[in-house]
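Trainee: Data file model_15.cif (mmCIF, C-alpha atoms) is appended below.
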```
data_structure
loop_
_atom_site.label_atom_id
_atom_site.label_comp_id
_atom_site.auth_asym_id
_atom_site.auth_seq_id
_atom_site.Cartn_x
_atom_site.Cartn_y
_atom_site.Cartn_z
CA MET A 18 48.86 35.24 -96.70
CA LYS A 19 47.53 33.80 -93.44
CA ILE A 20 45.29 36.83 -92.97
CA LYS A 21 43.77 36.43 -96.46
CA LEU A 22 43.22 32.69 -95.85
CA THR A 23 41.62 33.38 -92.45
CA ILE A 24 39.30 36.04 -93.90
CA PHE A 25 38.38 33.73 -96.80
CA CYS A 26 37.59 30.81 -94.43
CA PHE A 27 35.56 33.05 -92.12
CA PHE A 28 33.59 34.44 -95.10
CA TRP A 29 33.00 30.96 -96.55
CA VAL A 30 31.81 29.48 -93.22
CA SER A 31 29.52 32.46 -92.53
CA THR A 32 28.00 32.30 -96.01
CA SER A 33 27.49 28.54 -95.77
CA PHE A 34 25.57 28.87 -92.51
CA LEU A 35 23.37 31.61 -93.95
CA LEU A 36 22.60 29.63 -97.10
CA LEU A 37 22.00 26.36 -95.27
CA GLY A 38 19.70 28.08 -92.80
CA ARG A 39 17.53 29.34 -95.65
CA ALA A 40 17.62 26.23 -97.79
CA PHE A 41 16.88 23.70 -95.04
CA PRO A 42 14.67 25.10 -92.29
CA GLN A 43 15.05 23.34 -88.97
CA GLN A 44 12.05 21.62 -87.38
CA ASN A 45 11.60 20.15 -83.98
CA ALA A 46 11.36 16.35 -84.24
CA ASN A 47 8.36 16.34 -81.87
CA THR A 48 6.16 18.63 -83.98
CA THR A 49 4.32 17.98 -87.19
CA SER A 50 4.54 20.10 -90.29
CA THR A 51 1.91 22.82 -90.61
CA PRO A 52 0.94 24.72 -93.74
CA VAL A 53 2.66 28.04 -94.24
CA ALA A 54 -0.57 29.92 -94.94
CA THR A 55 -4.11 28.78 -94.28
CA PRO A 56 -6.86 30.52 -96.21
CA ILE A 57 -9.57 32.19 -94.16
CA SER A 58 -12.78 30.33 -94.90
CA LYS A 59 -15.77 32.45 -95.77
CA LYS A 60 -19.05 31.66 -94.07
CA LEU A 61 -22.50 31.89 -95.56
CA LYS A 62 -23.94 35.30 -94.71
CA LEU A 63 -27.58 36.28 -95.02
CA THR A 64 -27.53 39.99 -95.83
CA GLN A 65 -31.15 40.77 -96.73
CA VAL A 66 -34.60 39.32 -95.98
CA VAL A 67 -37.71 41.00 -97.37
CA MET A 68 -41.37 40.01 -97.18
CA CYS A 69 -42.98 41.54 -100.26
CA GLU A 70 -45.82 41.41 -102.78
CA LYS A 71 -43.75 40.90 -105.94
CA ILE A 72 -40.30 40.62 -107.52
CA LYS A 73 -39.44 42.92 -110.40
CA GLU A 74 -36.10 42.71 -112.23
CA LEU A 75 -34.75 40.48 -109.42
CA ASN A 76 -35.62 43.06 -106.74
CA PRO A 77 -38.34 42.85 -104.09
CA GLU A 78 -41.21 45.36 -104.33
CA ASN A 79 -43.92 46.49 -101.90
CA GLU A 80 -42.25 45.36 -98.69
CA ALA A 81 -44.61 45.06 -95.72
CA VAL A 82 -45.37 43.28 -92.45
CA ALA A 83 -49.13 43.07 -93.09
CA PHE A 84 -50.61 41.94 -96.39
CA SER A 85 -54.17 41.92 -97.68
CA ILE A 86 -55.64 38.53 -98.57
CA SER A 87 -56.60 40.13 -101.90
CA ILE A 88 -52.98 40.11 -103.18
CA GLU A 89 -53.27 36.30 -103.37
CA LYS A 90 -49.58 35.59 -102.58
CA VAL A 91 -46.70 36.68 -100.36
CA ILE A 92 -43.01 36.40 -101.26
CA CYS A 93 -40.00 35.86 -99.00
CA PHE A 94 -36.90 37.28 -100.73
CA THR A 95 -33.43 36.43 -99.38
CA PHE A 96 -29.99 37.63 -100.46
CA PHE A 97 -26.73 35.95 -99.38
CA ASP A 98 -23.24 37.46 -99.71
CA PRO A 99 -20.93 35.63 -99.58
CA VAL A 100 -21.96 32.13 -100.55
CA PRO A 101 -18.78 30.05 -100.06
CA GLU A 102 -19.94 26.97 -102.01
CA LYS A 103 -22.96 25.49 -103.74
CA MET A 104 -25.49 24.67 -101.01
CA PHE A 105 -29.15 24.56 -100.09
CA ILE A 106 -31.21 26.60 -97.66
CA TYR A 107 -34.85 26.23 -96.65
CA HIS A 108 -37.74 28.63 -96.32
CA ASN A 109 -40.10 27.10 -93.77
CA TRP A 110 -43.48 28.86 -93.83
CA TYR A 111 -45.58 28.69 -90.64
CA HIS A 112 -49.21 29.76 -90.25
CA ARG A 113 -50.34 30.05 -86.62
CA ASP A 114 -47.24 28.05 -85.54
CA ASN A 115 -48.11 25.15 -87.86
CA LEU A 116 -45.70 24.28 -90.69
CA SER A 117 -47.53 25.13 -93.90
CA THR A 118 -44.79 24.45 -96.43
CA LYS A 119 -41.05 23.78 -96.58
CA ILE A 120 -39.21 25.01 -99.67
CA LYS A 121 -35.66 23.91 -100.56
CA LEU A 122 -33.67 26.58 -102.43
CA LEU A 123 -30.28 26.40 -104.14
CA LEU A 124 -27.51 28.93 -103.45
CA GLN A 125 -24.40 29.30 -105.62
CA PRO A 126 -21.15 31.28 -105.14
CA PRO A 127 -20.09 34.01 -104.91
CA ARG A 128 -23.43 35.61 -103.91
CA TRP A 129 -27.02 34.65 -104.55
CA SER A 130 -30.57 35.87 -104.17
CA THR A 131 -33.58 33.60 -104.09
CA PHE A 132 -37.20 33.67 -103.04
CA SER A 133 -40.17 31.51 -102.25
CA THR A 134 -43.87 32.26 -102.32
CA VAL A 135 -47.07 31.06 -100.73
CA GLN A 136 -50.49 31.27 -102.39
CA LEU A 137 -53.10 32.73 -100.06
CA ARG A 138 -56.60 31.39 -99.35
CA GLU A 139 -59.34 32.87 -97.22
CA THR A 140 -58.36 30.54 -94.35
CA ASP A 141 -54.78 31.93 -94.33
CA LYS A 142 -55.66 35.12 -92.42
CA GLY A 143 -53.68 35.62 -89.23
CA PRO A 144 -50.05 35.49 -88.07
CA TRP A 145 -47.32 33.94 -90.21
CA ARG A 146 -43.59 33.49 -90.02
CA VAL A 147 -40.86 32.27 -92.37
CA GLU A 148 -37.79 30.59 -90.90
CA ILE A 149 -34.69 30.69 -93.10
CA ILE A 150 -32.70 27.53 -92.29
CA ASP A 151 -29.24 26.40 -93.45
CA GLN A 152 -28.27 22.83 -94.47
CA GLN A 153 -27.35 21.94 -90.89
CA GLY A 154 -30.74 23.03 -89.55
CA ASN A 155 -29.55 26.32 -88.03
CA ILE A 156 -32.08 29.16 -88.08
CA LEU A 157 -30.48 32.09 -89.93
CA HIS A 158 -33.46 34.44 -89.62
CA ILE A 159 -37.16 34.56 -88.77
CA SER A 160 -39.50 36.97 -90.57
CA ARG A 161 -42.96 37.61 -89.12
CA PHE A 162 -45.93 39.06 -90.94
CA SER A 163 -49.74 38.96 -90.97
CA ILE A 164 -52.46 38.33 -93.53
CA THR A 165 -55.52 40.57 -93.11
CA ASP A 166 -58.80 41.34 -94.96
#
```
I need this file expressed as structure tokens, please.
Mentor:
Amino acid sequence: MKIKLTIFCFFWVSTSFLLLGRAFPQQNANTTSTPVATPISKKLKLTQVVMCEKIKELNPENEAVAFSISIEKVICFTFFDPVPEKMFIYHNWYHRDNLSTKIKLLLQPPRWSTFSTVQLRETDKGPWRVEIIDQQGNILHISRFSITD
């Protein structure tokens, strides 16, 4: 009888410790609670930049680095994947290192393409660049191109 009682007590104590250890995890009094799992935050990623003559069915066409003044406009197409949250970016157009125009564009999750355009005049011949800027003012990309006869 004593053997059965001893085995029963040993089994009961062992089981109690196992269950209590799982039900009430121990924490050091000097540390603060941390989340069990933290999600990995996705960052905005610019995956495509194209200088082109036109957009057809949401795709850039006639990509180039030199454009004739006769086409009358140039387009800067950008594609972002992923876009973690609704946000704005800027296309800053520079002609001969002088800011010509600044265009604010909306991006929405999960991925987004957008574009801006500049109308060309005879005085717009020469070197150009478009700086793609995030909300914090960080330059994501610079595209350079030229306008010729």
Trainee: Starting from the displayed file, determine the output of the PyMOL selection byres ((chain A and resi 129) around 12) and express the residue list as a count of residues only.
Mentor: 29
Trainee: I'd like the interatomic distance between CA of Ile150 (chain A) and CA of His108 (chain A), to a tenth of an Å.
Mentor: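 So the two atoms, CA of Ile150 (chain A) and CA of His108 (chain A), lie 6.5 Å apart.
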Trainee: For Asp166 (chain A), which of A:Thr118, A:Gln152, A:Ser85, A:Asn76 is the closest residue, counting all atoms listed in the file?
Mentor: A:Ser85
Trainee: What does the distance from CA of Ile159 (chain A) to CA of Ile72 (chain A) come to in Å, to one decimal?
Mentor: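 Between CA of Ile159 (chain A) and CA of Ile72 (chain A) the gap works out to 20.0 Å.
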Trainee: Which residues come within 9 Å of Asp141 (chain A), counting all atoms listed in the file, excluding same-chain residues fewer than 6 positions away, as an MDAnalysis selection string?
Mentor: chainID A and resid 86 112 164:165
Trainee: So how many Å separate CA of Glu89 (chain A) and CA of Ser163 (chain A), to one decimal?
Mentor: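 So the two atoms, CA of Glu89 (chain A) and CA of Ser163 (chain A), lie 13.2 Å apart.
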Trainee: Written as a ChimeraX atom specification, which residues does the PyMOL selection byres ((chain A and resi 70) around 12) give for the file shown?
Mentor: /A:67-69,71-73,76-94,132-137,164
Trainee: Starting from 4 Å padding per side, set up an axis-aligned box that covers all listed atoms of region 60-73 of chain A and hand over centre and edge lengths in Å, one decimal, as JSON.
Mentor:
```
{"center_x": -32.4, "center_y": 37.3, "center_z": -102.2, "size_x": 34.8, "size_y": 19.3, "size_z": 24.3}
```
Trainee: Please complete region 92-127 of chain A with N, CA and C atoms and give it back as a short mmCIF file (atom, residue, chain, number, x, y, z; two decimals), keeping the file's coordinate frame.
Mentor:
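Output file result_19.cif follows:
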```cif
data_model
loop_
_atom_site.label_atom_id
_atom_site.label_comp_id
_atom_site.auth_asym_id
_atom_site.auth_seq_id
_atom_site.Cartn_x
_atom_site.Cartn_y
_atom_site.Cartn_z
N ILE A 92 -44.33 36.87 -100.84
CA ILE A 92 -43.01 36.40 -101.26
C ILE A 92 -42.00 36.66 -100.14
N CYS A 93 -41.14 35.68 -99.90
CA CYS A 93 -40.00 35.86 -99.00
C CYS A 93 -38.75 35.89 -99.86
N PHE A 94 -38.11 37.06 -99.93
CA PHE A 94 -36.90 37.28 -100.73
C PHE A 94 -35.70 37.25 -99.80
N THR A 95 -34.66 36.48 -100.18
CA THR A 95 -33.43 36.43 -99.38
C THR A 95 -32.22 36.65 -100.28
N PHE A 96 -31.23 37.37 -99.74
CA PHE A 96 -29.99 37.63 -100.46
C PHE A 96 -28.83 37.23 -99.55
N PHE A 97 -27.89 36.45 -100.11
CA PHE A 97 -26.73 35.95 -99.38
C PHE A 97 -25.45 36.47 -100.03
N ASP A 98 -24.54 36.99 -99.21
CA ASP A 98 -23.24 37.46 -99.71
C ASP A 98 -22.25 37.47 -98.55
N PRO A 99 -21.29 36.58 -98.54
CA PRO A 99 -20.93 35.63 -99.58
C PRO A 99 -21.64 34.28 -99.44
N VAL A 100 -21.57 33.53 -100.54
CA VAL A 100 -21.96 32.13 -100.55
C VAL A 100 -20.67 31.37 -100.85
N PRO A 101 -20.10 30.66 -99.87
CA PRO A 101 -18.78 30.05 -100.06
C PRO A 101 -18.76 28.86 -101.02
N GLU A 102 -19.88 28.13 -101.12
CA GLU A 102 -19.94 26.97 -102.01
C GLU A 102 -21.40 26.70 -102.35
N LYS A 103 -21.60 25.87 -103.37
CA LYS A 103 -22.96 25.49 -103.74
C LYS A 103 -23.60 24.79 -102.55
N MET A 104 -24.81 25.24 -102.18
CA MET A 104 -25.49 24.67 -101.01
C MET A 104 -26.97 24.93 -101.11
N PHE A 105 -27.71 24.36 -100.16
CA PHE A 105 -29.15 24.56 -100.09
C PHE A 105 -29.52 25.25 -98.79
N ILE A 106 -30.59 26.03 -98.85
CA ILE A 106 -31.21 26.60 -97.66
C ILE A 106 -32.69 26.27 -97.76
N TYR A 107 -33.42 26.52 -96.68
CA TYR A 107 -34.85 26.23 -96.65
C TYR A 107 -35.62 27.45 -96.18
N HIS A 108 -36.77 27.67 -96.80
CA HIS A 108 -37.74 28.63 -96.32
C HIS A 108 -38.89 27.81 -95.75
N ASN A 109 -39.02 27.82 -94.43
CA ASN A 109 -40.10 27.10 -93.77
C ASN A 109 -41.19 28.10 -93.41
N TRP A 110 -42.36 27.96 -94.02
CA TRP A 110 -43.48 28.86 -93.83
C TRP A 110 -44.42 28.29 -92.77
N TYR A 111 -44.71 29.09 -91.73
CA TYR A 111 -45.58 28.69 -90.64
C TYR A 111 -46.80 29.60 -90.58
N HIS A 112 -47.99 29.01 -90.49
CA HIS A 112 -49.21 29.76 -90.25
C HIS A 112 -49.74 29.34 -88.89
N ARG A 113 -49.89 30.32 -88.00
CA ARG A 113 -50.34 30.05 -86.62
C ARG A 113 -49.52 28.93 -85.97
N ASP A 114 -48.20 29.00 -86.12
CA ASP A 114 -47.24 28.05 -85.54
C ASP A 114 -47.34 26.63 -86.09
N ASN A 115 -48.05 26.45 -87.19
CA ASN A 115 -48.11 25.15 -87.86
C ASN A 115 -47.36 25.23 -89.18
N LEU A 116 -46.45 24.28 -89.44
CA LEU A 116 -45.70 24.28 -90.69
C LEU A 116 -46.66 24.13 -91.86
N SER A 117 -46.66 25.13 -92.73
CA SER A 117 -47.53 25.13 -93.90
C SER A 117 -46.82 24.54 -95.11
N THR A 118 -45.58 24.98 -95.31
CA THR A 118 -44.79 24.45 -96.43
C THR A 118 -43.30 24.64 -96.15
N LYS A 119 -42.51 23.74 -96.72
CA LYS A 119 -41.05 23.78 -96.58
C LYS A 119 -40.49 23.80 -98.00
N ILE A 120 -39.72 24.84 -98.32
CA ILE A 120 -39.21 25.01 -99.67
C ILE A 120 -37.69 24.98 -99.65
N LYS A 121 -37.12 24.06 -100.43
CA LYS A 121 -35.66 23.91 -100.56
C LYS A 121 -35.19 24.79 -101.71
N LEU A 122 -34.17 25.63 -101.43
CA LEU A 122 -33.67 26.58 -102.43
C LEU A 122 -32.16 26.45 -102.59
N LEU A 123 -31.70 26.52 -103.81
CA LEU A 123 -30.28 26.40 -104.14
C LEU A 123 -29.60 27.75 -104.04
N LEU A 124 -28.38 27.75 -103.47
CA LEU A 124 -27.51 28.93 -103.45
C LEU A 124 -26.22 28.57 -104.17
N GLN A 125 -25.66 29.53 -104.92
CA GLN A 125 -24.40 29.30 -105.62
C GLN A 125 -23.46 30.49 -105.40
N PRO A 126 -22.14 30.21 -105.35
CA PRO A 126 -21.15 31.28 -105.14
C PRO A 126 -21.11 32.23 -106.33
N PRO A 127 -20.62 33.42 -106.13
CA PRO A 127 -20.09 34.01 -104.91
C PRO A 127 -21.16 34.67 -104.04
#
```
